[in-house]
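*Asks:* Below is one structure. I have some questions about it.
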Amino acid sequence: MAEEVKLIGMWGSPFSRRVEIALKLKGVQYDYIEDDLTNKSPLLLKSNPVHKKVPVLLHNGKPIAESLVILEYIDETWKANPILPQHPYDRAMARFWAKYIDEKCMLALWNACWCEKKDREKAVEEAKVCLKTLENELKDKKFFGGESIGLVDIAANFIGFWVGVIGEVVGVELLTIDKFPILCKWRDEYLGCSVIKENLPSKEKLGAYFRTRVESASQSK
Amino acid sequence: MADEIILLDFWPSMFGMRVRVALAEKGLKYEYKEEDLRNKSPLLLEMNPVHKKIPVLIHNGKPICESLIIVQYIDEVWKDKAPLLPSDPYQRAQARFWADYVDKKPYELGRKIWSTKGEEQETAKKEFIECLKLLEGELGEKPYFGGEKIGFVDVALVTFSCWFHAYESFGNFSIEAECPKLIAWTKRCMEKESVSSSLEDPHKVHGFVMGMRKKLGIE
């Protein structure tokens, strides 16, 4: 039976792009369905009734939601270019850091960019603690996954790309080379990988999207 | 070489209990170390410098943190006995999805039920019941979330059940009245020694929560 793989995603979502990176890395053919999150499709609502969010992977009609869950599913289903290590301890470490990025870092980085001016200093400090923690974890590795990108690198796409774009728009530079030389080096290597480069939104389009957000936020005040 | 397993834990923690259940399911011997969270041990700070939280499993000197990650680790290392995750990738994805849901919703809402009052508490109660009903729907007619045997989602969720009495008491509502099937499932799980020996007495938990409320000045 021919394999049918569909991805419901959103062009600007780092979560959605994570799944595309994994599928491309493994050479999996898929149909991409862009969802208008201001007017969610019946397919999205049916495929992810619990969270009603993208990304959702549909494999032969069966839905899988939550990007990190999808990444593990992809790794277990298509064996080429593994994104998780083999050894249980290393797998636990990869899951730990992916979760740390998802639950602590992304929130802290997002807050630092979008909070009220009065809260900014504290929020930026918290974001920098996260970045320092990741910097220390990376140490002398080329990627979090070692010689090639793995689960943690894919999860860190927000840090590799989105943080810079949003930072430019709101005027908050978080990933500075003086404080985070190792992480900046990682970012450059990361963005140099073709599978990453080709699965990022356009910088201009993303910048414009966030600029609109800033403008509408200031208008509503 | 015999395995050395140490669990850094805090007795009322539903997250720590998950690891206790998993270790018991696999029939593993381990050293339990109780942590005083107001005075964290150097060992805890060394083994979990990022979050400084329990539970931490230390296996032959190497630490693993985050309860669901620990449970998966245990399942992968001791894979020949009582598998907790299914072998089919799609079923595994569903199990991970629901365990993740349990982590994100019920815990925060439960916390609000015992630590807030008035409208905030009422909203938390309503949403908590909605979560449990959703989980009841996912359980369906199966004896366990894992099917015929307890699995990953059962381990993730059952440890909350010893906190239900505290939620009901301080929230002034009955979980069984709203979600009888889920309560029946908790009783079924408690028939297993791995669960009953790992969960705490609900009255003891109630006493603990009462102490927390006093400290936070909620009455």
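Chain labels follow the order of the structure tokens: the first chain is A, the next B, and so on; residue numbering restarts at 1 in every chain, and ligands are counted from 1 in their shown order.
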Select from chain A every residue with an atom at most 10 Å from any atom of chain B, then for each give the shortest pair of atoms and their distance in Å to one decimal, using only C-alpha atoms, rows by chain and rising number, as JSON lines.

*Replies:*
```
{"residue": "A:Val50", "atom": "CA", "partner": "B:Leu134", "partner_atom": "CA", "distance": 8.5}
{"residue": "A:His51", "atom": "CA", "partner": "B:Tyr101", "partner_atom": "CA", "distance": 9.3}
{"residue": "A:His59", "atom": "CA", "partner": "B:Tyr90", "partner_atom": "CA", "distance": 9.1}
{"residue": "A:Lys62", "atom": "CA", "partner": "B:Tyr90", "partner_atom": "CA", "distance": 8.3}
{"residue": "A:Pro63", "atom": "CA", "partner": "B:Tyr90", "partner_atom": "CA", "distance": 9.0}
{"residue": "A:Ile64", "atom": "CA", "partner": "B:Ala93", "partner_atom": "CA", "distance": 6.8}
{"residue": "A:Ala65", "atom": "CA", "partner": "B:Phe97", "partner_atom": "CA", "distance": 7.1}
{"residue": "A:Glu66", "atom": "CA", "partner": "B:Phe97", "partner_atom": "CA", "distance": 6.9}
{"residue": "A:Ser67", "atom": "CA", "partner": "B:Phe97", "partner_atom": "CA", "distance": 9.9}
{"residue": "A:Leu68", "atom": "CA", "partner": "B:Phe97", "partner_atom": "CA", "distance": 9.3}
{"residue": "A:Val69", "atom": "CA", "partner": "B:Ala93", "partner_atom": "CA", "distance": 5.9}
{"residue": "A:Ile70", "atom": "CA", "partner": "B:Ala93", "partner_atom": "CA", "distance": 7.1}
{"residue": "A:Leu71", "atom": "CA", "partner": "B:Ala93", "partner_atom": "CA", "distance": 9.5}
{"residue": "A:Glu72", "atom": "CA", "partner": "B:Ala93", "partner_atom": "CA", "distance": 7.6}
{"residue": "A:Tyr73", "atom": "CA", "partner": "B:Ala93", "partner_atom": "CA", "distance": 6.0}
{"residue": "A:Ile74", "atom": "CA", "partner": "B:Pro89", "partner_atom": "CA", "distance": 8.7}
{"residue": "A:Asp75", "atom": "CA", "partner": "B:Pro89", "partner_atom": "CA", "distance": 9.4}
{"residue": "A:Glu76", "atom": "CA", "partner": "B:Pro89", "partner_atom": "CA", "distance": 6.3}
{"residue": "A:Thr77", "atom": "CA", "partner": "B:Pro89", "partner_atom": "CA", "distance": 6.7}
{"residue": "A:His87", "atom": "CA", "partner": "B:Val77", "partner_atom": "CA", "distance": 8.9}
{"residue": "A:Pro88", "atom": "CA", "partner": "B:Tyr73", "partner_atom": "CA", "distance": 6.0}
{"residue": "A:Tyr89", "atom": "CA", "partner": "B:Tyr73", "partner_atom": "CA", "distance": 7.0}
{"residue": "A:Asp90", "atom": "CA", "partner": "B:Tyr73", "partner_atom": "CA", "distance": 9.6}
{"residue": "A:Arg91", "atom": "CA", "partner": "B:Tyr73", "partner_atom": "CA", "distance": 7.9}
{"residue": "A:Ala92", "atom": "CA", "partner": "B:Ile69", "partner_atom": "CA", "distance": 6.0}
{"residue": "A:Met93", "atom": "CA", "partner": "B:Ile64", "partner_atom": "CA", "distance": 7.4}
{"residue": "A:Ala94", "atom": "CA", "partner": "B:Ile69", "partner_atom": "CA", "distance": 9.8}
{"residue": "A:Arg95", "atom": "CA", "partner": "B:Ile69", "partner_atom": "CA", "distance": 6.8}
{"residue": "A:Phe96", "atom": "CA", "partner": "B:Ile69", "partner_atom": "CA", "distance": 7.0}
{"residue": "A:Lys99", "atom": "CA", "partner": "B:Glu66", "partner_atom": "CA", "distance": 9.1}
{"residue": "A:Tyr100", "atom": "CA", "partner": "B:Val50", "partner_atom": "CA", "distance": 9.0}
{"residue": "A:Cys130", "atom": "CA", "partner": "B:Val50", "partner_atom": "CA", "distance": 9.2}
{"residue": "A:Thr133", "atom": "CA", "partner": "B:Val50", "partner_atom": "CA", "distance": 7.5}
```

*Asks:* Write to file, as a tab-separated table (two decimals), in the first residue's frame, the residues of the selection just made, with C-alpha atoms.

*Replies:*
```tsv
chain	number	residue	atom	x	y	z
A	50	VAL	CA	-7.80	18.20	22.22
A	51	HIS	CA	-5.49	21.13	21.48
A	59	HIS	CA	0.11	9.06	8.46
A	62	LYS	CA	-4.05	8.54	11.46
A	63	PRO	CA	-3.27	11.79	13.29
A	64	ILE	CA	-0.36	12.49	15.63
A	65	ALA	CA	-0.16	15.83	17.46
A	66	GLU	CA	2.46	17.69	19.57
A	67	SER	CA	5.71	18.35	17.72
A	68	LEU	CA	8.07	16.43	20.04
A	69	VAL	CA	5.70	13.42	20.01
A	70	ILE	CA	5.60	13.66	16.21
A	71	LEU	CA	9.41	13.82	16.00
A	72	GLU	CA	9.77	10.60	18.03
A	73	TYR	CA	7.09	8.95	15.87
A	74	ILE	CA	8.91	9.95	12.68
A	75	ASP	CA	12.20	8.62	14.09
A	76	GLU	CA	10.62	5.27	14.97
A	77	THR	CA	8.79	4.91	11.67
A	87	HIS	CA	21.57	4.29	24.03
A	88	PRO	CA	18.75	4.74	26.58
A	89	TYR	CA	20.78	7.18	28.69
A	90	ASP	CA	21.61	9.39	25.71
A	91	ARG	CA	17.96	9.22	24.62
A	92	ALA	CA	16.88	10.38	28.10
A	93	MET	CA	19.34	13.30	27.87
A	94	ALA	CA	18.04	14.29	24.42
A	95	ARG	CA	14.45	14.21	25.68
A	96	PHE	CA	15.45	16.24	28.75
A	99	LYS	CA	11.74	19.45	26.96
A	100	TYR	CA	13.87	22.16	28.59
A	130	CYS	CA	18.30	29.64	29.76
A	133	THR	CA	22.40	26.67	30.43
```

*Asks:* Taking the DSSP assignment computed from this structure's backbone, write out as number ranges by chain all residues of range 27-109 of chain A that belong to helix (DSSP H, G or I).

*Replies:* A: 42-47, 67-77, 88-109

*Asks:* How would the residues just chosen look if you wrote them out with N, CA, C and O atoms as a compact mmCIF listing (two decimals), in the first residue's frame?

*Replies:*
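See out.txt below for the written result:
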```
# COMPACT_ATOMS: atom_id res chain seq x y z
N PRO A 42 -11.76 22.38 9.30
CA PRO A 42 -12.42 21.20 9.88
C PRO A 42 -11.44 20.04 10.04
O PRO A 42 -11.51 19.29 11.02
N LEU A 43 -10.50 19.91 9.09
CA LEU A 43 -9.52 18.82 9.17
C LEU A 43 -8.66 18.96 10.42
O LEU A 43 -8.42 17.97 11.13
N LEU A 44 -8.20 20.18 10.72
CA LEU A 44 -7.38 20.38 11.91
C LEU A 44 -8.17 20.07 13.17
O LEU A 44 -7.70 19.36 14.06
N LEU A 45 -9.40 20.59 13.23
CA LEU A 45 -10.23 20.40 14.43
C LEU A 45 -10.56 18.94 14.64
O LEU A 45 -10.67 18.46 15.77
N LYS A 46 -10.70 18.20 13.54
CA LYS A 46 -11.00 16.77 13.64
C LYS A 46 -9.74 15.99 14.02
O LYS A 46 -9.80 15.03 14.78
N SER A 47 -8.59 16.42 13.48
CA SER A 47 -7.35 15.68 13.71
C SER A 47 -6.72 15.97 15.07
O SER A 47 -5.98 15.15 15.59
N SER A 67 4.52 18.48 18.57
CA SER A 67 5.71 18.35 17.72
C SER A 67 6.75 17.36 18.24
O SER A 67 7.28 16.57 17.46
N LEU A 68 7.04 17.37 19.56
CA LEU A 68 8.07 16.43 20.04
C LEU A 68 7.59 14.98 19.95
O LEU A 68 8.37 14.07 19.71
N VAL A 69 6.28 14.77 20.15
CA VAL A 69 5.70 13.42 20.01
C VAL A 69 5.81 13.00 18.54
O VAL A 69 6.19 11.87 18.23
N ILE A 70 5.51 13.94 17.64
CA ILE A 70 5.60 13.66 16.21
C ILE A 70 7.04 13.32 15.82
O ILE A 70 7.28 12.38 15.06
N LEU A 71 8.01 14.08 16.35
CA LEU A 71 9.41 13.82 16.00
C LEU A 71 9.83 12.40 16.40
O LEU A 71 10.50 11.70 15.65
N GLU A 72 9.41 11.96 17.59
CA GLU A 72 9.77 10.60 18.03
C GLU A 72 9.07 9.57 17.13
O GLU A 72 9.66 8.54 16.79
N TYR A 73 7.84 9.85 16.76
CA TYR A 73 7.09 8.95 15.87
C TYR A 73 7.80 8.82 14.53
O TYR A 73 8.00 7.71 14.01
N ILE A 74 8.22 9.95 13.97
CA ILE A 74 8.91 9.95 12.68
C ILE A 74 10.20 9.14 12.80
O ILE A 74 10.53 8.33 11.93
N ASP A 75 10.93 9.33 13.91
CA ASP A 75 12.20 8.62 14.09
C ASP A 75 12.00 7.12 14.18
O ASP A 75 12.84 6.35 13.70
N GLU A 76 10.88 6.71 14.81
CA GLU A 76 10.62 5.27 14.97
C GLU A 76 10.06 4.64 13.70
O GLU A 76 10.19 3.43 13.51
N THR A 77 9.43 5.46 12.87
CA THR A 77 8.79 4.91 11.67
C THR A 77 9.72 4.88 10.46
O THR A 77 9.70 3.93 9.68
N PRO A 88 19.83 4.17 25.77
CA PRO A 88 18.75 4.74 26.58
C PRO A 88 19.15 5.98 27.39
O PRO A 88 18.35 6.91 27.52
N TYR A 89 20.38 6.02 27.90
CA TYR A 89 20.78 7.18 28.69
C TYR A 89 20.88 8.43 27.82
O TYR A 89 20.41 9.50 28.17
N ASP A 90 21.50 8.27 26.64
CA ASP A 90 21.61 9.39 25.71
C ASP A 90 20.24 9.84 25.22
O ASP A 90 20.01 11.03 25.01
N ARG A 91 19.33 8.89 25.05
CA ARG A 91 17.96 9.22 24.62
C ARG A 91 17.27 10.05 25.71
O ARG A 91 16.59 11.04 25.43
N ALA A 92 17.47 9.64 26.97
CA ALA A 92 16.88 10.38 28.10
C ALA A 92 17.43 11.80 28.13
O ALA A 92 16.70 12.76 28.37
N MET A 93 18.72 11.96 27.89
CA MET A 93 19.34 13.30 27.87
C MET A 93 18.76 14.15 26.74
O MET A 93 18.45 15.32 26.93
N ALA A 94 18.61 13.55 25.56
CA ALA A 94 18.04 14.29 24.42
C ALA A 94 16.62 14.74 24.74
O ALA A 94 16.25 15.89 24.50
N ARG A 95 15.84 13.85 25.33
CA ARG A 95 14.45 14.21 25.68
C ARG A 95 14.45 15.32 26.72
O ARG A 95 13.63 16.24 26.66
N PHE A 96 15.36 15.23 27.69
CA PHE A 96 15.45 16.24 28.75
C PHE A 96 15.70 17.62 28.15
O PHE A 96 15.03 18.59 28.48
N TRP A 97 16.69 17.71 27.25
CA TRP A 97 17.04 19.02 26.69
C TRP A 97 15.97 19.55 25.73
O TRP A 97 15.71 20.75 25.70
N ALA A 98 15.34 18.65 24.99
CA ALA A 98 14.25 19.08 24.10
C ALA A 98 13.11 19.65 24.94
O ALA A 98 12.52 20.68 24.61
N LYS A 99 12.82 19.00 26.07
CA LYS A 99 11.74 19.45 26.96
C LYS A 99 12.12 20.80 27.60
O LYS A 99 11.29 21.70 27.71
N TYR A 100 13.39 20.92 27.98
CA TYR A 100 13.87 22.16 28.59
C TYR A 100 13.69 23.32 27.61
O TYR A 100 13.22 24.40 27.98
N ILE A 101 14.05 23.08 26.36
CA ILE A 101 13.89 24.12 25.33
C ILE A 101 12.42 24.47 25.17
O ILE A 101 12.03 25.63 25.17
N ASP A 102 11.57 23.45 25.08
CA ASP A 102 10.14 23.68 24.87
C ASP A 102 9.47 24.37 26.03
O ASP A 102 8.66 25.27 25.83
N GLU A 103 9.78 23.92 27.25
CA GLU A 103 8.99 24.40 28.39
C GLU A 103 9.60 25.59 29.09
O GLU A 103 8.89 26.38 29.67
N LYS A 104 10.93 25.71 29.07
CA LYS A 104 11.54 26.84 29.77
C LYS A 104 12.05 27.91 28.80
O LYS A 104 11.67 29.07 28.88
N CYS A 105 12.95 27.49 27.90
CA CYS A 105 13.64 28.47 27.04
C CYS A 105 12.71 29.27 26.17
O CYS A 105 12.78 30.49 26.13
N MET A 106 11.84 28.56 25.42
CA MET A 106 11.03 29.28 24.45
C MET A 106 10.14 30.30 25.14
O MET A 106 10.00 31.44 24.67
N LEU A 107 9.60 29.92 26.29
CA LEU A 107 8.73 30.82 27.05
C LEU A 107 9.53 32.03 27.52
O LEU A 107 9.09 33.18 27.39
N ALA A 108 10.73 31.76 28.07
CA ALA A 108 11.56 32.85 28.60
C ALA A 108 11.99 33.80 27.48
O ALA A 108 11.97 35.03 27.65
N LEU A 109 12.37 33.23 26.33
CA LEU A 109 12.81 34.07 25.21
C LEU A 109 11.64 34.90 24.67
O LEU A 109 11.78 36.08 24.39
```

*Asks:* Env of range 136-144 of chain B: 12 Å cut, atoms = only C-alpha atoms, seq-sep filter 3 positions within chain, self excluded. Answer as an MDAnalysis selection string.

*Replies:* (chainID A and resid 50) or (chainID B and resid 84 94:95 97:99 101:102 129:133 147:155 157:158 176 178:190 192)

*Asks:* Just to be explicit: take each residue in the selection above, keep N, CA and C atoms, and write the result as a compact mmCIF listing (two decimals), in the first residue's frame.

*Replies:*
```txt
# COMPACT_ATOMS: atom_id res chain seq x y z
N VAL A 50 -8.20 17.86 20.85
CA VAL A 50 -7.80 18.20 22.22
C VAL A 50 -7.17 19.59 22.29
N LEU B 84 5.93 -0.82 29.50
CA LEU B 84 4.96 0.24 29.79
C LEU B 84 4.51 0.95 28.53
N GLN B 94 0.48 7.89 20.66
CA GLN B 94 -0.75 8.20 21.39
C GLN B 94 -0.49 8.21 22.89
N ALA B 95 0.28 7.23 23.38
CA ALA B 95 0.60 7.16 24.81
C ALA B 95 1.39 8.40 25.24
N PHE B 97 1.40 11.31 23.78
CA PHE B 97 0.50 12.46 23.67
C PHE B 97 -0.34 12.61 24.95
N TRP B 98 -0.95 11.52 25.38
CA TRP B 98 -1.83 11.58 26.55
C TRP B 98 -1.05 11.79 27.85
N ALA B 99 0.13 11.21 27.94
CA ALA B 99 0.95 11.44 29.13
C ALA B 99 1.35 12.91 29.19
N TYR B 101 -0.40 15.36 27.95
CA TYR B 101 -1.63 16.07 28.32
C TYR B 101 -1.82 16.04 29.83
N VAL B 102 -1.60 14.88 30.44
CA VAL B 102 -1.73 14.74 31.89
C VAL B 102 -0.77 15.71 32.59
N ILE B 129 -12.49 18.96 35.95
CA ILE B 129 -13.46 17.91 35.64
C ILE B 129 -13.52 17.67 34.14
N GLU B 130 -13.44 18.75 33.35
CA GLU B 130 -13.44 18.60 31.89
C GLU B 130 -12.26 17.75 31.44
N CYS B 131 -11.09 18.00 32.04
CA CYS B 131 -9.88 17.22 31.71
C CYS B 131 -10.10 15.76 32.03
N LEU B 132 -10.62 15.50 33.22
CA LEU B 132 -10.81 14.11 33.65
C LEU B 132 -11.83 13.41 32.75
N LYS B 133 -12.86 14.16 32.33
CA LYS B 133 -13.87 13.57 31.43
C LYS B 133 -13.25 13.22 30.09
N GLY B 147 -4.45 -0.70 27.82
CA GLY B 147 -5.16 -1.85 27.27
C GLY B 147 -5.45 -2.87 28.36
N GLU B 148 -4.93 -4.10 28.17
CA GLU B 148 -5.18 -5.15 29.15
C GLU B 148 -4.27 -5.03 30.37
N LYS B 149 -3.18 -4.29 30.21
CA LYS B 149 -2.24 -4.12 31.33
C LYS B 149 -1.96 -2.64 31.52
N ILE B 150 -1.43 -2.28 32.70
CA ILE B 150 -1.14 -0.85 32.89
C ILE B 150 0.03 -0.45 32.01
N GLY B 151 -0.06 0.81 31.53
CA GLY B 151 0.95 1.31 30.62
C GLY B 151 1.37 2.71 31.03
N PHE B 152 2.02 3.37 30.11
CA PHE B 152 2.63 4.68 30.33
C PHE B 152 1.63 5.71 30.84
N VAL B 153 0.47 5.78 30.21
CA VAL B 153 -0.52 6.79 30.60
C VAL B 153 -1.10 6.47 31.98
N ASP B 154 -1.30 5.18 32.25
CA ASP B 154 -1.79 4.78 33.59
C ASP B 154 -0.81 5.27 34.65
N VAL B 155 0.48 5.04 34.41
CA VAL B 155 1.51 5.45 35.38
C VAL B 155 1.51 6.97 35.53
N LEU B 157 -0.96 9.09 35.14
CA LEU B 157 -2.17 9.65 35.73
C LEU B 157 -2.53 9.11 37.12
N VAL B 158 -2.29 7.82 37.35
CA VAL B 158 -2.82 7.20 38.58
C VAL B 158 -2.28 7.85 39.86
N GLU B 176 -15.85 11.52 42.02
CA GLU B 176 -16.53 10.27 41.65
C GLU B 176 -17.90 10.53 41.04
N GLU B 178 -18.75 13.01 39.23
CA GLU B 178 -18.58 13.50 37.85
C GLU B 178 -17.92 12.48 36.94
N CYS B 179 -16.98 11.72 37.48
CA CYS B 179 -16.19 10.80 36.64
C CYS B 179 -16.11 9.42 37.27
N PRO B 180 -17.25 8.73 37.33
CA PRO B 180 -17.26 7.41 37.99
C PRO B 180 -16.35 6.38 37.33
N LYS B 181 -16.25 6.45 35.99
CA LYS B 181 -15.43 5.46 35.27
C LYS B 181 -13.95 5.64 35.61
N LEU B 182 -13.56 6.90 35.79
CA LEU B 182 -12.15 7.15 36.09
C LEU B 182 -11.82 6.68 37.50
N ILE B 183 -12.76 6.90 38.43
CA ILE B 183 -12.54 6.43 39.80
C ILE B 183 -12.49 4.91 39.82
N ALA B 184 -13.35 4.27 39.03
CA ALA B 184 -13.31 2.80 38.93
C ALA B 184 -11.95 2.36 38.41
N TRP B 185 -11.41 3.10 37.47
CA TRP B 185 -10.07 2.78 36.92
C TRP B 185 -9.00 2.94 38.01
N THR B 186 -9.10 3.99 38.84
CA THR B 186 -8.08 4.18 39.89
C THR B 186 -8.12 3.00 40.86
N LYS B 187 -9.34 2.52 41.17
CA LYS B 187 -9.48 1.39 42.11
C LYS B 187 -8.88 0.13 41.50
N ARG B 188 -9.11 -0.03 40.19
CA ARG B 188 -8.55 -1.19 39.49
C ARG B 188 -7.02 -1.14 39.55
N CYS B 189 -6.46 0.04 39.34
CA CYS B 189 -4.99 0.19 39.39
C CYS B 189 -4.48 -0.12 40.79
N MET B 190 -5.22 0.34 41.80
CA MET B 190 -4.77 0.16 43.18
C MET B 190 -4.76 -1.30 43.60
N LYS B 192 -3.25 -3.47 42.04
CA LYS B 192 -1.90 -3.92 41.70
C LYS B 192 -0.94 -3.46 42.79
```

*Asks:* Within 7 Å of range 199-215 of chain A, counting only C-alpha atoms, which residues qualify if same-chain residues fewer than 3 places away don't, as a list in words?

*Replies:*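 Contacts, in chain order: Trp11, Gly12, Arg17, Glu20, Ile21, Val165, Ile166, Val169, Val195, Ile196, Ser218 and Gln219 of chain A.
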
*Asks:* For those residues, write all heavy atoms to a file as an mmCIF file, in the first residue's frame.

*Replies:*
```cif
data_model
loop_
_atom_site.group_PDB
_atom_site.id
_atom_site.type_symbol
_atom_site.label_atom_id
_atom_site.label_comp_id
_atom_site.auth_asym_id
_atom_site.auth_seq_id
_atom_site.Cartn_x
_atom_site.Cartn_y
_atom_site.Cartn_z
ATOM 1 N N TRP A 11 3.085 28.329 8.210
ATOM 2 C CA TRP A 11 4.382 28.709 7.656
ATOM 3 C C TRP A 11 5.330 29.333 8.675
ATOM 4 O O TRP A 11 6.538 29.171 8.606
ATOM 5 C CB TRP A 11 4.208 29.660 6.459
ATOM 6 C CG TRP A 11 3.658 31.003 6.856
ATOM 7 C CD1 TRP A 11 2.346 31.362 6.929
ATOM 8 C CD2 TRP A 11 4.399 32.161 7.268
ATOM 9 N NE1 TRP A 11 2.221 32.653 7.360
ATOM 10 C CE2 TRP A 11 3.454 33.169 7.577
ATOM 11 C CE3 TRP A 11 5.757 32.427 7.409
ATOM 12 C CZ2 TRP A 11 3.839 34.439 8.018
ATOM 13 C CZ3 TRP A 11 6.150 33.692 7.850
ATOM 14 C CH2 TRP A 11 5.194 34.681 8.150
ATOM 15 N N GLY A 12 4.780 30.098 9.640
ATOM 16 C CA GLY A 12 5.630 30.846 10.571
ATOM 17 C C GLY A 12 5.880 30.118 11.891
ATOM 18 O O GLY A 12 6.602 30.621 12.754
ATOM 19 N N ARG A 17 7.626 23.743 11.584
ATOM 20 C CA ARG A 17 8.864 23.613 10.801
ATOM 21 C C ARG A 17 9.738 22.477 11.326
ATOM 22 O O ARG A 17 10.465 21.853 10.567
ATOM 23 C CB ARG A 17 9.653 24.935 10.817
ATOM 24 C CG ARG A 17 8.955 26.061 10.065
ATOM 25 C CD ARG A 17 9.050 25.908 8.577
ATOM 26 N NE ARG A 17 8.377 26.963 7.855
ATOM 27 C CZ ARG A 17 8.505 27.210 6.556
ATOM 28 N NH1 ARG A 17 9.302 26.454 5.826
ATOM 29 N NH2 ARG A 17 7.843 28.203 5.988
ATOM 30 N N GLU A 20 8.788 19.401 9.574
ATOM 31 C CA GLU A 20 9.255 19.414 8.177
ATOM 32 C C GLU A 20 10.739 19.054 8.106
ATOM 33 O O GLU A 20 11.164 18.315 7.208
ATOM 34 C CB GLU A 20 9.011 20.785 7.553
ATOM 35 C CG GLU A 20 7.532 21.093 7.413
ATOM 36 C CD GLU A 20 7.243 22.148 6.371
ATOM 37 O OE1 GLU A 20 7.220 21.808 5.168
ATOM 38 O OE2 GLU A 20 7.042 23.304 6.766
ATOM 39 N N ILE A 21 11.526 19.572 9.059
ATOM 40 C CA ILE A 21 12.963 19.252 9.081
ATOM 41 C C ILE A 21 13.143 17.739 9.191
ATOM 42 O O ILE A 21 13.908 17.126 8.439
ATOM 43 C CB ILE A 21 13.679 19.955 10.261
ATOM 44 C CG1 ILE A 21 13.661 21.474 10.086
ATOM 45 C CG2 ILE A 21 15.115 19.447 10.400
ATOM 46 C CD1 ILE A 21 14.080 22.241 11.328
ATOM 47 N N VAL A 165 15.101 37.014 14.511
ATOM 48 C CA VAL A 165 14.140 37.791 13.719
ATOM 49 C C VAL A 165 13.258 38.641 14.626
ATOM 50 O O VAL A 165 13.091 39.843 14.411
ATOM 51 C CB VAL A 165 13.275 36.849 12.851
ATOM 52 C CG1 VAL A 165 12.212 37.625 12.091
ATOM 53 C CG2 VAL A 165 14.144 36.067 11.885
ATOM 54 N N ILE A 166 12.715 38.013 15.678
ATOM 55 C CA ILE A 166 11.840 38.752 16.600
ATOM 56 C C ILE A 166 12.648 39.836 17.299
ATOM 57 O O ILE A 166 12.201 40.974 17.453
ATOM 58 C CB ILE A 166 11.203 37.816 17.647
ATOM 59 C CG1 ILE A 166 10.369 36.730 16.974
ATOM 60 C CG2 ILE A 166 10.350 38.608 18.627
ATOM 61 C CD1 ILE A 166 9.870 35.659 17.919
ATOM 62 N N VAL A 169 13.016 42.933 15.350
ATOM 63 C CA VAL A 169 11.761 43.691 15.255
ATOM 64 C C VAL A 169 11.476 44.458 16.551
ATOM 65 O O VAL A 169 11.085 45.620 16.518
ATOM 66 C CB VAL A 169 10.580 42.747 14.918
ATOM 67 C CG1 VAL A 169 9.246 43.431 15.075
ATOM 68 C CG2 VAL A 169 10.722 42.197 13.504
ATOM 69 N N VAL A 195 19.314 21.111 5.258
ATOM 70 C CA VAL A 195 17.982 20.663 5.688
ATOM 71 C C VAL A 195 17.328 21.690 6.618
ATOM 72 O O VAL A 195 16.106 21.773 6.710
ATOM 73 C CB VAL A 195 18.028 19.253 6.333
ATOM 74 C CG1 VAL A 195 18.541 19.324 7.771
ATOM 75 C CG2 VAL A 195 16.682 18.585 6.297
ATOM 76 N N ILE A 196 18.146 22.495 7.290
ATOM 77 C CA ILE A 196 17.602 23.549 8.159
ATOM 78 C C ILE A 196 17.254 24.766 7.308
ATOM 79 O O ILE A 196 16.136 25.266 7.313
ATOM 80 C CB ILE A 196 18.611 23.931 9.259
ATOM 81 C CG1 ILE A 196 18.957 22.728 10.134
ATOM 82 C CG2 ILE A 196 18.107 25.097 10.083
ATOM 83 C CD1 ILE A 196 17.801 22.150 10.925
ATOM 84 N N SER A 218 0.642 48.130 19.834
ATOM 85 C CA SER A 218 0.769 49.529 20.266
ATOM 86 C C SER A 218 -0.482 50.318 19.963
ATOM 87 O O SER A 218 -0.817 51.265 20.666
ATOM 88 C CB SER A 218 2.000 50.194 19.633
ATOM 89 O OG SER A 218 1.896 50.136 18.229
ATOM 90 N N GLN A 219 -1.253 49.909 18.943
ATOM 91 C CA GLN A 219 -2.487 50.619 18.613
ATOM 92 C C GLN A 219 -3.574 50.338 19.628
ATOM 93 O O GLN A 219 -4.417 51.153 19.912
ATOM 94 C CB GLN A 219 -2.987 50.191 17.217
ATOM 95 C CG GLN A 219 -2.450 51.062 16.117
ATOM 96 C CD GLN A 219 -2.583 50.387 14.758
ATOM 97 O OE1 GLN A 219 -3.473 49.566 14.557
ATOM 98 N NE2 GLN A 219 -1.705 50.709 13.852
#
```

*Asks:* Name the residues of range 11-190 of chain A that fall into strand (DSSP E) according to DSSP on the backbone, using the chain letters and numbers of this document, as a list in words.

*Replies:*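 The strand (DSSP E) subset of range 11-190 of chain A is Asp31, Tyr32, Ile33, Glu34, Val56, Leu57, Leu58, His59, Lys62, Pro63, Ile64 and Ala65 of chain A.
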
*Asks:* Suppose we keep C-alpha atoms; can you now write the selection as an mmCIF file, in the first residue's frame?

*Replies:*
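The resulting file, out_34.cif, is shown below:
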```
data_model
loop_
_atom_site.group_PDB
_atom_site.id
_atom_site.type_symbol
_atom_site.label_atom_id
_atom_site.label_comp_id
_atom_site.auth_asym_id
_atom_site.auth_seq_id
_atom_site.Cartn_x
_atom_site.Cartn_y
_atom_site.Cartn_z
ATOM 1 C CA ASP A 31 1.696 16.740 1.359
ATOM 2 C CA TYR A 32 1.821 20.028 3.200
ATOM 3 C CA ILE A 33 -1.467 21.649 4.186
ATOM 4 C CA GLU A 34 -1.244 25.263 5.360
ATOM 5 C CA VAL A 56 -0.506 17.555 13.096
ATOM 6 C CA LEU A 57 0.995 14.688 11.135
ATOM 7 C CA LEU A 58 -1.443 12.404 9.334
ATOM 8 C CA HIS A 59 0.106 9.057 8.465
ATOM 9 C CA LYS A 62 -4.053 8.538 11.459
ATOM 10 C CA PRO A 63 -3.268 11.793 13.289
ATOM 11 C CA ILE A 64 -0.356 12.492 15.628
ATOM 12 C CA ALA A 65 -0.156 15.834 17.460
#
```
